[in-house]
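Below is coords25.cif, which holds mmCIF, C-alpha atoms and all ligand atoms; chains and numbers go by the auth columns.
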data_my_file
loop_
_atom_site.group_PDB
_atom_site.id
_atom_site.type_symbol
_atom_site.label_atom_id
_atom_site.label_comp_id
_atom_site.label_asym_id
_atom_site.label_seq_id
_atom_site.Cartn_x
_atom_site.Cartn_y
_atom_site.Cartn_z
_atom_site.B_iso_or_equiv
_atom_site.auth_seq_id
_atom_site.auth_asym_id
ATOM 1 C CA MET A 1 -19.554 0.204 -11.808 0.00 147 A
ATOM 2 C CA GLU A 2 -18.856 3.177 -14.065 0.00 148 A
ATOM 3 C CA PHE A 3 -21.796 4.670 -16.015 0.00 149 A
ATOM 4 C CA ILE A 4 -21.077 6.511 -19.256 0.00 150 A
ATOM 5 C CA TRP A 5 -23.728 8.364 -21.237 0.00 151 A
ATOM 6 C CA CYS A 6 -22.888 8.795 -24.891 0.00 152 A
ATOM 7 C CA ARG A 7 -24.328 9.577 -28.299 0.00 153 A
ATOM 8 C CA ARG A 8 -23.862 8.002 -31.680 0.00 154 A
ATOM 9 C CA GLY A 9 -20.412 8.943 -32.978 0.00 155 A
ATOM 10 C CA ASP A 10 -18.814 9.050 -29.523 0.00 156 A
ATOM 11 C CA GLU A 11 -15.946 6.651 -28.840 0.00 157 A
ATOM 12 C CA ALA A 12 -17.902 4.686 -26.204 0.00 158 A
ATOM 13 C CA MET A 13 -20.467 3.745 -28.876 0.00 159 A
ATOM 14 C CA GLU A 14 -17.997 1.187 -30.200 0.00 160 A
ATOM 15 C CA ASP A 15 -18.409 -0.854 -27.009 0.00 161 A
ATOM 16 C CA VAL A 16 -22.194 -0.323 -27.053 0.00 162 A
ATOM 17 C CA LEU A 17 -22.500 -1.689 -30.590 0.00 163 A
ATOM 18 C CA LYS A 18 -20.082 -4.544 -29.934 0.00 164 A
ATOM 19 C CA LEU A 19 -22.159 -5.630 -26.943 0.00 165 A
ATOM 20 C CA ARG A 20 -25.381 -5.381 -28.950 0.00 166 A
ATOM 21 C CA ARG A 21 -23.876 -7.515 -31.723 0.00 167 A
ATOM 22 C CA GLN A 22 -22.668 -10.160 -29.275 0.00 168 A
ATOM 23 C CA VAL A 23 -25.920 -10.423 -27.302 0.00 169 A
ATOM 24 C CA LEU A 24 -28.801 -9.152 -29.441 0.00 170 A
ATOM 25 C CA CYS A 25 -27.628 -10.510 -32.814 0.00 171 A
ATOM 26 C CA ASP A 26 -25.287 -13.474 -32.226 0.00 172 A
ATOM 27 C CA GLU A 27 -27.035 -14.848 -29.125 0.00 173 A
ATOM 28 C CA ILE A 28 -30.707 -13.902 -29.588 0.00 174 A
ATOM 29 C CA GLY A 29 -30.934 -13.581 -33.372 0.00 175 A
ATOM 30 C CA PHE A 30 -32.013 -9.969 -33.960 0.00 176 A
ATOM 31 C CA SER A 31 -31.020 -8.483 -37.308 0.00 177 A
ATOM 32 C CA ASP A 32 -28.296 -5.942 -37.893 0.00 178 A
ATOM 33 C CA SER A 33 -30.926 -3.285 -38.636 0.00 179 A
ATOM 34 C CA TYR A 34 -32.317 -3.880 -35.133 0.00 180 A
ATOM 35 C CA ARG A 35 -28.811 -3.589 -33.673 0.00 181 A
ATOM 36 C CA LEU A 36 -28.459 -0.093 -35.139 0.00 182 A
ATOM 37 C CA ASP A 37 -31.628 1.734 -36.186 0.00 183 A
ATOM 38 C CA ASP A 38 -32.856 5.268 -36.906 0.00 184 A
ATOM 39 C CA ASP A 39 -33.667 5.951 -33.237 0.00 185 A
ATOM 40 C CA ASP A 40 -29.985 5.566 -32.393 0.00 186 A
ATOM 41 C CA LYS A 41 -29.312 8.977 -33.961 0.00 187 A
ATOM 42 C CA ASP A 42 -31.339 10.754 -31.263 0.00 188 A
ATOM 43 C CA ALA A 43 -30.982 8.285 -28.406 0.00 189 A
ATOM 44 C CA LEU A 44 -28.902 8.680 -25.283 0.00 190 A
ATOM 45 C CA HIS A 45 -26.832 5.531 -24.832 0.00 191 A
ATOM 46 C CA LEU A 46 -25.717 4.122 -21.515 0.00 192 A
ATOM 47 C CA LEU A 47 -22.554 2.061 -21.248 0.00 193 A
ATOM 48 C CA CYS A 48 -21.779 0.368 -17.914 0.00 194 A
ATOM 49 C CA ARG A 49 -18.164 -0.604 -17.343 0.00 195 A
ATOM 50 C CA GLN A 50 -16.557 -2.642 -14.598 0.00 196 A
ATOM 51 C CA ASP A 51 -12.744 -2.543 -14.382 0.00 197 A
ATOM 52 C CA GLY A 52 -12.651 -1.069 -17.879 0.00 198 A
ATOM 53 C CA GLN A 53 -14.786 -3.858 -19.328 0.00 199 A
ATOM 54 C CA ALA A 54 -18.182 -3.254 -20.955 0.00 200 A
ATOM 55 C CA VAL A 55 -20.714 -5.156 -18.817 0.00 201 A
ATOM 56 C CA CYS A 56 -24.087 -3.723 -19.804 0.00 202 A
ATOM 57 C CA THR A 57 -25.693 -1.250 -22.170 0.00 203 A
ATOM 58 C CA ALA A 58 -29.093 0.340 -22.802 0.00 204 A
ATOM 59 C CA ARG A 59 -30.564 3.378 -24.509 0.00 205 A
ATOM 60 C CA ILE A 60 -33.337 5.908 -23.957 0.00 206 A
ATOM 61 C CA VAL A 61 -35.254 7.728 -26.690 0.00 207 A
ATOM 62 C CA ARG A 62 -37.689 10.584 -26.068 0.00 208 A
ATOM 63 C CA THR A 63 -41.070 9.722 -27.616 0.00 209 A
ATOM 64 C CA ALA A 64 -43.185 12.544 -26.123 0.00 210 A
ATOM 65 C CA GLU A 65 -42.583 15.658 -24.008 0.00 211 A
ATOM 66 C CA ASP A 66 -42.576 13.643 -20.771 0.00 212 A
ATOM 67 C CA THR A 67 -42.119 10.062 -22.035 0.00 213 A
ATOM 68 C CA TRP A 68 -38.977 8.069 -22.784 0.00 214 A
ATOM 69 C CA LEU A 69 -38.615 4.681 -24.438 0.00 215 A
ATOM 70 C CA PHE A 70 -36.045 2.457 -22.734 0.00 216 A
ATOM 71 C CA GLY A 71 -34.457 -0.360 -24.699 0.00 217 A
ATOM 72 C CA ARG A 72 -31.559 -2.322 -26.201 0.00 218 A
ATOM 73 C CA LEU A 73 -30.723 -3.535 -22.696 0.00 219 A
ATOM 74 C CA CYS A 74 -28.073 -6.250 -22.753 0.00 220 A
ATOM 75 C CA ALA A 75 -25.311 -7.736 -20.661 0.00 221 A
ATOM 76 C CA PRO A 76 -22.896 -10.485 -21.746 0.00 222 A
ATOM 77 C CA ALA A 77 -23.955 -13.935 -20.490 0.00 223 A
ATOM 78 C CA ARG A 78 -21.139 -14.218 -17.923 0.00 224 A
ATOM 79 C CA GLN A 79 -22.125 -10.840 -16.429 0.00 225 A
ATOM 80 C CA ARG A 80 -25.767 -11.684 -15.760 0.00 226 A
ATOM 81 C CA GLY A 81 -27.336 -12.166 -12.375 0.00 227 A
ATOM 82 C CA LYS A 82 -25.012 -9.591 -10.806 0.00 228 A
ATOM 83 C CA GLY A 83 -27.400 -6.638 -10.749 0.00 229 A
ATOM 84 C CA ARG A 84 -25.983 -5.033 -13.929 0.00 230 A
ATOM 85 C CA GLY A 85 -29.348 -4.900 -15.715 0.00 231 A
ATOM 86 C CA ALA A 86 -31.164 -3.514 -12.678 0.00 232 A
ATOM 87 C CA ALA A 87 -28.484 -0.839 -12.207 0.00 233 A
ATOM 88 C CA ALA A 88 -28.776 0.196 -15.873 0.00 234 A
ATOM 89 C CA VAL A 89 -32.574 0.500 -15.590 0.00 235 A
ATOM 90 C CA ARG A 90 -32.268 2.593 -12.428 0.00 236 A
ATOM 91 C CA ARG A 91 -29.624 4.890 -13.996 0.00 237 A
ATOM 92 C CA ALA A 92 -31.771 5.351 -17.081 0.00 238 A
ATOM 93 C CA GLU A 93 -34.851 6.158 -14.985 0.00 239 A
ATOM 94 C CA GLU A 94 -32.830 8.716 -13.047 0.00 240 A
ATOM 95 C CA LYS A 95 -31.657 10.309 -16.315 0.00 241 A
ATOM 96 C CA CYS A 96 -35.205 10.449 -17.735 0.00 242 A
ATOM 97 C CA ARG A 97 -36.485 12.016 -14.529 0.00 243 A
ATOM 98 C CA ARG A 98 -33.753 14.667 -14.655 0.00 244 A
ATOM 99 C CA LEU A 99 -34.718 15.439 -18.254 0.00 245 A
ATOM 100 C CA GLY A 100 -38.334 16.027 -17.244 0.00 246 A
ATOM 101 C CA GLY A 101 -39.622 12.507 -17.918 0.00 247 A
ATOM 102 C CA LYS A 102 -42.721 11.328 -16.087 0.00 248 A
ATOM 103 C CA LYS A 103 -43.084 7.958 -17.780 0.00 249 A
ATOM 104 C CA VAL A 104 -40.758 5.268 -19.168 0.00 250 A
ATOM 105 C CA THR A 105 -41.974 2.674 -21.648 0.00 251 A
ATOM 106 C CA VAL A 106 -40.260 -0.473 -22.882 0.00 252 A
ATOM 107 C CA LYS A 107 -40.926 -2.948 -25.703 0.00 253 A
ATOM 108 C CA ALA A 108 -39.880 -5.863 -23.543 0.00 254 A
ATOM 109 C CA LYS A 109 -38.879 -9.246 -24.837 0.00 255 A
ATOM 110 C CA TYR A 110 -41.648 -11.423 -23.410 0.00 256 A
ATOM 111 C CA ASP A 111 -39.170 -13.638 -21.528 0.00 257 A
ATOM 112 C CA LYS A 112 -38.025 -10.487 -19.702 0.00 258 A
ATOM 113 C CA GLU A 113 -41.500 -9.493 -18.506 0.00 259 A
ATOM 114 C CA GLY A 114 -40.609 -10.835 -15.054 0.00 260 A
ATOM 115 C CA PHE A 115 -37.421 -8.773 -14.941 0.00 261 A
ATOM 116 C CA TYR A 116 -39.224 -5.538 -15.829 0.00 262 A
ATOM 117 C CA SER A 117 -42.116 -6.302 -13.441 0.00 263 A
ATOM 118 C CA HIS A 118 -39.473 -6.726 -10.755 0.00 264 A
ATOM 119 C CA MET A 119 -38.241 -3.226 -11.734 0.00 265 A
ATOM 120 C CA GLY A 120 -41.734 -1.758 -11.290 0.00 266 A
ATOM 121 C CA PHE A 121 -43.036 -1.832 -14.875 0.00 267 A
ATOM 122 C CA SER A 122 -46.595 -2.917 -15.768 0.00 268 A
ATOM 123 C CA SER A 123 -47.586 -4.748 -18.937 0.00 269 A
ATOM 124 C CA VAL A 124 -49.846 -2.989 -21.406 0.00 270 A
ATOM 125 C CA GLY A 125 -51.770 -4.807 -24.151 0.00 271 A
ATOM 126 C CA GLU A 126 -51.105 -8.070 -25.904 0.00 272 A
ATOM 127 C CA VAL A 127 -47.981 -10.041 -26.724 0.00 273 A
ATOM 128 C CA TYR A 128 -46.787 -9.367 -30.304 0.00 274 A
ATOM 129 C CA LEU A 129 -43.896 -10.451 -32.495 0.00 275 A
ATOM 130 C CA GLN A 130 -40.930 -8.244 -33.276 0.00 276 A
ATOM 131 C CA GLU A 131 -38.461 -9.897 -35.648 0.00 277 A
ATOM 132 C CA GLY A 132 -40.271 -13.165 -34.882 0.00 278 A
ATOM 133 C CA ILE A 133 -39.589 -12.828 -31.139 0.00 279 A
ATOM 134 C CA PRO A 134 -42.491 -12.373 -28.650 0.00 280 A
ATOM 135 C CA HIS A 135 -42.580 -8.913 -27.041 0.00 281 A
ATOM 136 C CA ILE A 136 -44.895 -7.023 -24.727 0.00 282 A
ATOM 137 C CA ASP A 137 -45.192 -3.272 -24.127 0.00 283 A
ATOM 138 C CA MET A 138 -44.617 -2.209 -20.541 0.00 284 A
ATOM 139 C CA GLU A 139 -44.566 1.138 -18.758 0.00 285 A
ATOM 140 C CA LYS A 140 -43.638 2.757 -15.501 0.00 286 A
ATOM 141 C CA CYS A 141 -44.525 6.158 -14.057 0.00 287 A
ATOM 142 C CA LEU A 142 -41.525 7.958 -12.603 0.00 288 A
HETATM 143 C C1 LIG B . -31.953 -8.385 -19.422 0.00 301 B
HETATM 144 C C2 LIG B . -30.598 -8.549 -18.733 0.00 301 B
HETATM 145 C C3 LIG B . -29.748 -7.339 -19.076 0.00 301 B
HETATM 146 C C4 LIG B . -30.867 -8.612 -17.217 0.00 301 B
HETATM 147 O O1 LIG B . -29.700 -8.256 -16.575 0.00 301 B
HETATM 148 P P1 LIG B . -29.038 -8.992 -15.303 0.00 301 B
HETATM 149 O O2 LIG B . -27.859 -8.173 -14.975 0.00 301 B
HETATM 150 O O3 LIG B . -28.847 -10.438 -15.534 0.00 301 B
HETATM 151 O O4 LIG B . -30.216 -8.815 -14.247 0.00 301 B
HETATM 152 P P2 LIG B . -30.026 -8.408 -12.718 0.00 301 B
HETATM 153 O O5 LIG B . -28.966 -9.261 -12.127 0.00 301 B
HETATM 154 O O6 LIG B . -29.849 -6.937 -12.641 0.00 301 B
HETATM 155 O O7 LIG B . -31.457 -8.815 -12.128 0.00 301 B
HETATM 156 C C5 LIG B . -32.226 -7.921 -11.379 0.00 301 B
HETATM 157 C C6 LIG B . -33.331 -8.664 -10.731 0.00 301 B
HETATM 158 O O8 LIG B . -34.254 -9.144 -11.701 0.00 301 B
HETATM 159 C C7 LIG B . -34.482 -10.532 -11.523 0.00 301 B
HETATM 160 N N1 LIG B . -34.680 -11.125 -12.842 0.00 301 B
HETATM 161 C C8 LIG B . -33.790 -11.209 -13.855 0.00 301 B
HETATM 162 N N2 LIG B . -34.358 -11.807 -14.940 0.00 301 B
HETATM 163 C C9 LIG B . -35.629 -12.109 -14.564 0.00 301 B
HETATM 164 C C10 LIG B . -36.741 -12.721 -15.226 0.00 301 B
HETATM 165 N N3 LIG B . -36.665 -13.142 -16.503 0.00 301 B
HETATM 166 N N4 LIG B . -37.894 -12.873 -14.527 0.00 301 B
HETATM 167 C C11 LIG B . -38.001 -12.442 -13.250 0.00 301 B
HETATM 168 N N5 LIG B . -36.989 -11.838 -12.580 0.00 301 B
HETATM 169 C C12 LIG B . -35.830 -11.674 -13.236 0.00 301 B
HETATM 170 C C13 LIG B . -33.221 -11.050 -10.864 0.00 301 B
HETATM 171 O O9 LIG B . -33.467 -12.240 -10.171 0.00 301 B
HETATM 172 C C14 LIG B . -32.853 -9.901 -9.952 0.00 301 B
HETATM 173 O O10 LIG B . -33.598 -9.991 -8.754 0.00 301 B
HETATM 174 P P3 LIG B . -33.017 -9.453 -7.320 0.00 301 B
HETATM 175 O O11 LIG B . -32.891 -7.951 -7.497 0.00 301 B
HETATM 176 O O12 LIG B . -34.068 -9.861 -6.363 0.00 301 B
HETATM 177 O O13 LIG B . -31.692 -10.124 -7.175 0.00 301 B
HETATM 178 C C15 LIG B . -29.876 -9.844 -19.171 0.00 301 B
HETATM 179 O O14 LIG B . -30.671 -10.944 -18.844 0.00 301 B
HETATM 180 C C16 LIG B . -29.573 -9.900 -20.674 0.00 301 B
HETATM 181 O O15 LIG B . -28.673 -9.232 -21.172 0.00 301 B
HETATM 182 N N6 LIG B . -30.314 -10.744 -21.416 0.00 301 B
HETATM 183 C C17 LIG B . -30.107 -10.883 -22.859 0.00 301 B
HETATM 184 C C18 LIG B . -30.565 -9.660 -23.620 0.00 301 B
HETATM 185 C C19 LIG B . -32.035 -9.366 -23.398 0.00 301 B
HETATM 186 O O16 LIG B . -32.854 -10.274 -23.378 0.00 301 B
HETATM 187 N N7 LIG B . -32.352 -8.093 -23.238 0.00 301 B
HETATM 188 C C20 LIG B . -33.698 -7.667 -22.931 0.00 301 B
HETATM 189 C C21 LIG B . -34.325 -7.072 -24.089 0.00 301 B
HETATM 190 S S1 LIG B . -35.939 -6.486 -23.643 0.00 301 B
#

The structure in this file should be written as structure tokens.
Ligand SMILES: CC(C)(COP(=O)(O)OP(=O)(O)OC[C@H]1O[C@@H](n2cnc3c(N)ncnc32)[C@H](O)[C@@H]1OP(=O)(O)O)[C@@H](O)C(=O)NCCC(=O)NCCS
Amino acid sequence: MEFIWCRRGDEAMEDVLKLRRQVLCDEIGFSDSYRLDDDDKDALHLLCRQDGQAVCTARIVRTAEDTWLFGRLCAPARQRGKGRGAAAVRRAEEKCRRLGGKKVTVKAKYDKEGFYSHMGFSSVGEVYLQEGIPHIDMEKCL
């Protein structure tokens, strides 16, 4: 797999936003303002490609000196269960660590709590709704 880090305005962002539309909006039902929000201006975006095809994306946003928020993780349905999501999380953690990060947080969709636990994250607090979808905050020390 090829891992490309990009910022808003870069060419690779087209694939990132296309993937978000397909998975986060069309499949899950998030709004367009969730697909592209204010944090995207400052975020570092990860695009994973396999044989030139976009297979996963995610972003990281710095929220404190040593803390990064991971999110917008998505892979097209036919690409799931092949380790794409896990590889994106690991790449992002590596990037955060290199940028001085000591902690990664995630506003996880509640049905993905198991996935993030598997990746070493712990749940913090109660389940809450974001755009009508249950979420839970999770964190991991790097
Ligand atoms: C989240 C997502 C990217 C996961 O990616 P994926 O490529 O299918 O996951 P992986 O194949 O990397 O799975 C990694 C491991 O987590 C496990 N796992 C995946 N989903 C899980 C879940 N809901 N509960 C528990 N374990 C889970 C897998 O079994 C796998 O275990 P293994 O390492 O022992 O084989 C994918 O499900 C997706 O795009 N979903 C729709 C968008 C979404 O919900 N995004 C999350 C927003 S918070």

Which residues of chain A come within 7 Å of ligand LIG 301 (chain B), and for each one, what is the closest pair of atoms and their distance in Å to one decimal, counting all atoms listed in the file, sorted by chain and residue number, as a tab-separated table?
residue	atom	partner	partner_atom	distance
A:Val169	CA	B:LIG301	C18	6.0
A:Leu170	CA	B:LIG301	C18	6.1
A:Cys202	CA	B:LIG301	C3	6.8
A:Gly217	CA	B:LIG301	S1	6.4
A:Arg218	CA	B:LIG301	C21	5.9
A:Leu219	CA	B:LIG301	N7	4.9
A:Cys220	CA	B:LIG301	O15	3.4
A:Ala221	CA	B:LIG301	O15	3.7
A:Pro222	CA	B:LIG301	O15	5.9
A:Ala223	CA	B:LIG301	O15	6.7
A:Gln225	CA	B:LIG301	O2	6.5
A:Arg226	CA	B:LIG301	O3	3.3
A:Gly227	CA	B:LIG301	O5	3.3
A:Lys228	CA	B:LIG301	O5	4.2
A:Gly229	CA	B:LIG301	O6	3.1
A:Arg230	CA	B:LIG301	O2	3.8
A:Gly231	CA	B:LIG301	O1	3.5
A:Ala232	CA	B:LIG301	O6	3.7
A:Ala233	CA	B:LIG301	O6	6.3
A:Lys253	CA	B:LIG301	S1	6.5
A:Ala254	CA	B:LIG301	S1	4.0
A:Lys255	CA	B:LIG301	S1	4.2
A:Asp257	CA	B:LIG301	N3	5.6
A:Lys258	CA	B:LIG301	N3	4.4
A:Glu259	CA	B:LIG301	N4	6.3
A:Gly260	CA	B:LIG301	N4	3.4
A:Phe261	CA	B:LIG301	C12	3.7
A:His264	CA	B:LIG301	O8	5.8

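All residues of protein, DNA or RNA that reach within 8 Å of Ala200 (chain A), judged by all atoms listed in the file and not counting those fewer than 5 positions away in the chain, are Asp161, Val162, Leu165, Leu193, Cys194 and Arg195 of chain A.
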
Residues matched by the PyMOL selection byres (((chain A and resi 177-192) around 9) and not hetatm), written as a PDB file with C-alpha atoms, keeping the file's coordinate frame:
ATOM      1  CA  PHE A 149     -21.796   4.670 -16.015  1.00  0.00           C
ATOM      2  CA  ILE A 150     -21.077   6.511 -19.256  1.00  0.00           C
ATOM      3  CA  TRP A 151     -23.728   8.364 -21.237  1.00  0.00           C
ATOM      4  CA  CYS A 152     -22.888   8.795 -24.891  1.00  0.00           C
ATOM      5  CA  ARG A 153     -24.328   9.577 -28.299  1.00  0.00           C
ATOM      6  CA  ARG A 154     -23.862   8.002 -31.680  1.00  0.00           C
ATOM      7  CA  GLY A 155     -20.412   8.943 -32.978  1.00  0.00           C
ATOM      8  CA  MET A 159     -20.467   3.745 -28.876  1.00  0.00           C
ATOM      9  CA  VAL A 162     -22.194  -0.323 -27.053  1.00  0.00           C
ATOM     10  CA  LEU A 163     -22.500  -1.689 -30.590  1.00  0.00           C
ATOM     11  CA  ARG A 166     -25.381  -5.381 -28.950  1.00  0.00           C
ATOM     12  CA  ARG A 167     -23.876  -7.515 -31.723  1.00  0.00           C
ATOM     13  CA  LEU A 170     -28.801  -9.152 -29.441  1.00  0.00           C
ATOM     14  CA  CYS A 171     -27.628 -10.510 -32.814  1.00  0.00           C
ATOM     15  CA  GLY A 175     -30.934 -13.581 -33.372  1.00  0.00           C
ATOM     16  CA  PHE A 176     -32.013  -9.969 -33.960  1.00  0.00           C
ATOM     17  CA  LEU A 193     -22.554   2.061 -21.248  1.00  0.00           C
ATOM     18  CA  CYS A 194     -21.779   0.368 -17.914  1.00  0.00           C
ATOM     19  CA  CYS A 202     -24.087  -3.723 -19.804  1.00  0.00           C
ATOM     20  CA  THR A 203     -25.693  -1.250 -22.170  1.00  0.00           C
ATOM     21  CA  ALA A 204     -29.093   0.340 -22.802  1.00  0.00           C
ATOM     22  CA  ARG A 205     -30.564   3.378 -24.509  1.00  0.00           C
ATOM     23  CA  ILE A 206     -33.337   5.908 -23.957  1.00  0.00           C
ATOM     24  CA  VAL A 207     -35.254   7.728 -26.690  1.00  0.00           C
ATOM     25  CA  ARG A 208     -37.689  10.584 -26.068  1.00  0.00           C
ATOM     26  CA  ARG A 218     -31.559  -2.322 -26.201  1.00  0.00           C
ATOM     27  CA  ALA A 234     -28.776   0.196 -15.873  1.00  0.00           C
ATOM     28  CA  ARG A 237     -29.624   4.890 -13.996  1.00  0.00           C
ATOM     29  CA  ALA A 238     -31.771   5.351 -17.081  1.00  0.00           C
ATOM     30  CA  GLU A 277     -38.461  -9.897 -35.648  1.00  0.00           C
TER      31      GLU A 277
END

Would you give the centre and edge lengths, in Å to one decimal, of a box along x, y and z around the listed atoms of region 184-202 of chain A, with 8 Å added to each side, as lines of an AutoDock Vina configuration file?
center_x = -23.2
center_y = 2.8
center_z = -25.6
size_x = 37.0
size_y = 31.9
size_z = 38.5

Residues matched by the PyMOL selection byres (((chain A and resi 252) around 8) and not hetatm) as a ChimeraX atom specification: /A:215-217,250-251,253-254,283-285

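From CA of Pro280 (chain A) back to CA of Ile174 (chain A), the distance works out to 11.9 Å.
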
Point-to-point distance from CA of Met147 (chain A) to CA of Cys242 (chain A), Å rounded to tenths: 19.6 Å

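If all atoms listed in the file are the atoms counted, then among A:His281, A:Lys164, A:Arg224, A:Lys286 the closest residue to Lys249 (chain A) is A:Lys286.
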
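Distances from A:Ile279, A:Tyr256, A:Glu148, A:Val273 to Gln196 (chain A) were compared using only C-alpha atoms, and the smallest one belongs to A:Glu148.
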
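With distances taken over all atoms listed in the file, A:Glu239 is the one residue among A:Glu239, A:Asp172, A:Glu160, A:Glu272 lying closest to Thr213 (chain A).
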
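Going from CA of Thr209 (chain A) to CA of Lys248 (chain A) covers 11.8 Å.
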
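Closest to Gly246 (chain A) among A:Ile282, A:Val201, A:Ala158, A:Ala210 is A:Ala210, based on all atoms listed in the file.
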
Restricted to N, CA, C and O atoms, what does region 227-241 of chain A look like when written out as an mmCIF file, in the first residue's frame?
data_model
loop_
_atom_site.group_PDB
_atom_site.id
_atom_site.type_symbol
_atom_site.label_atom_id
_atom_site.label_comp_id
_atom_site.auth_asym_id
_atom_site.auth_seq_id
_atom_site.Cartn_x
_atom_site.Cartn_y
_atom_site.Cartn_z
ATOM 1 N N GLY A 227 -11.830 -5.289 5.869
ATOM 2 C CA GLY A 227 -11.402 -6.604 6.346
ATOM 3 C C GLY A 227 -10.078 -7.051 5.747
ATOM 4 O O GLY A 227 -9.724 -8.230 5.788
ATOM 5 N N LYS A 228 -9.335 -6.088 5.189
ATOM 6 C CA LYS A 228 -8.040 -6.419 4.570
ATOM 7 C C LYS A 228 -6.889 -5.696 5.265
ATOM 8 O O LYS A 228 -5.805 -5.571 4.712
ATOM 9 N N GLY A 229 -7.175 -5.148 6.447
ATOM 10 C CA GLY A 229 -6.112 -4.487 7.210
ATOM 11 C C GLY A 229 -5.867 -3.040 6.800
ATOM 12 O O GLY A 229 -4.910 -2.420 7.275
ATOM 13 N N ARG A 230 -6.716 -2.490 5.912
ATOM 14 C CA ARG A 230 -6.500 -1.099 5.459
ATOM 15 C C ARG A 230 -6.670 -0.120 6.623
ATOM 16 O O ARG A 230 -5.862 0.789 6.809
ATOM 17 N N GLY A 231 -7.774 -0.286 7.375
ATOM 18 C CA GLY A 231 -8.052 0.622 8.485
ATOM 19 C C GLY A 231 -6.952 0.563 9.536
ATOM 20 O O GLY A 231 -6.475 1.603 9.996
ATOM 21 N N ALA A 232 -6.532 -0.628 9.885
ATOM 22 C CA ALA A 232 -5.478 -0.790 10.896
ATOM 23 C C ALA A 232 -4.184 -0.128 10.420
ATOM 24 O O ALA A 232 -3.497 0.545 11.191
ATOM 25 N N ALA A 233 -3.860 -0.297 9.145
ATOM 26 C CA ALA A 233 -2.628 0.294 8.601
ATOM 27 C C ALA A 233 -2.708 1.820 8.645
ATOM 28 O O ALA A 233 -1.717 2.486 8.972
ATOM 29 N N ALA A 234 -3.892 2.372 8.364
ATOM 30 C CA ALA A 234 -4.053 3.833 8.393
ATOM 31 C C ALA A 234 -3.878 4.346 9.825
ATOM 32 O O ALA A 234 -3.213 5.363 10.044
ATOM 33 N N VAL A 235 -4.461 3.645 10.795
ATOM 34 C CA VAL A 235 -4.315 4.061 12.197
ATOM 35 C C VAL A 235 -2.836 4.038 12.598
ATOM 36 O O VAL A 235 -2.314 4.989 13.172
ATOM 37 N N ARG A 236 -2.152 2.958 12.239
ATOM 38 C CA ARG A 236 -0.738 2.838 12.615
ATOM 39 C C ARG A 236 0.110 3.938 11.978
ATOM 40 O O ARG A 236 0.984 4.519 12.613
ATOM 41 N N ARG A 237 -0.134 4.225 10.681
ATOM 42 C CA ARG A 237 0.594 5.296 9.987
ATOM 43 C C ARG A 237 0.365 6.639 10.658
ATOM 44 O O ARG A 237 1.279 7.454 10.813
ATOM 45 N N ALA A 238 -0.903 6.875 11.016
ATOM 46 C CA ALA A 238 -1.261 8.154 11.638
ATOM 47 C C ALA A 238 -0.583 8.280 13.013
ATOM 48 O O ALA A 238 -0.063 9.336 13.361
ATOM 49 N N GLU A 239 -0.571 7.187 13.764
ATOM 50 C CA GLU A 239 0.077 7.215 15.082
ATOM 51 C C GLU A 239 1.573 7.527 14.928
ATOM 52 O O GLU A 239 2.137 8.311 15.680
ATOM 53 N N GLU A 240 2.162 6.914 13.938
ATOM 54 C CA GLU A 240 3.592 7.120 13.661
ATOM 55 C C GLU A 240 3.848 8.602 13.344
ATOM 56 O O GLU A 240 4.797 9.194 13.838
ATOM 57 N N LYS A 241 2.972 9.174 12.520
ATOM 58 C CA LYS A 241 3.100 10.586 12.133
ATOM 59 C C LYS A 241 2.978 11.485 13.365
ATOM 60 O O LYS A 241 3.786 12.385 13.571
#
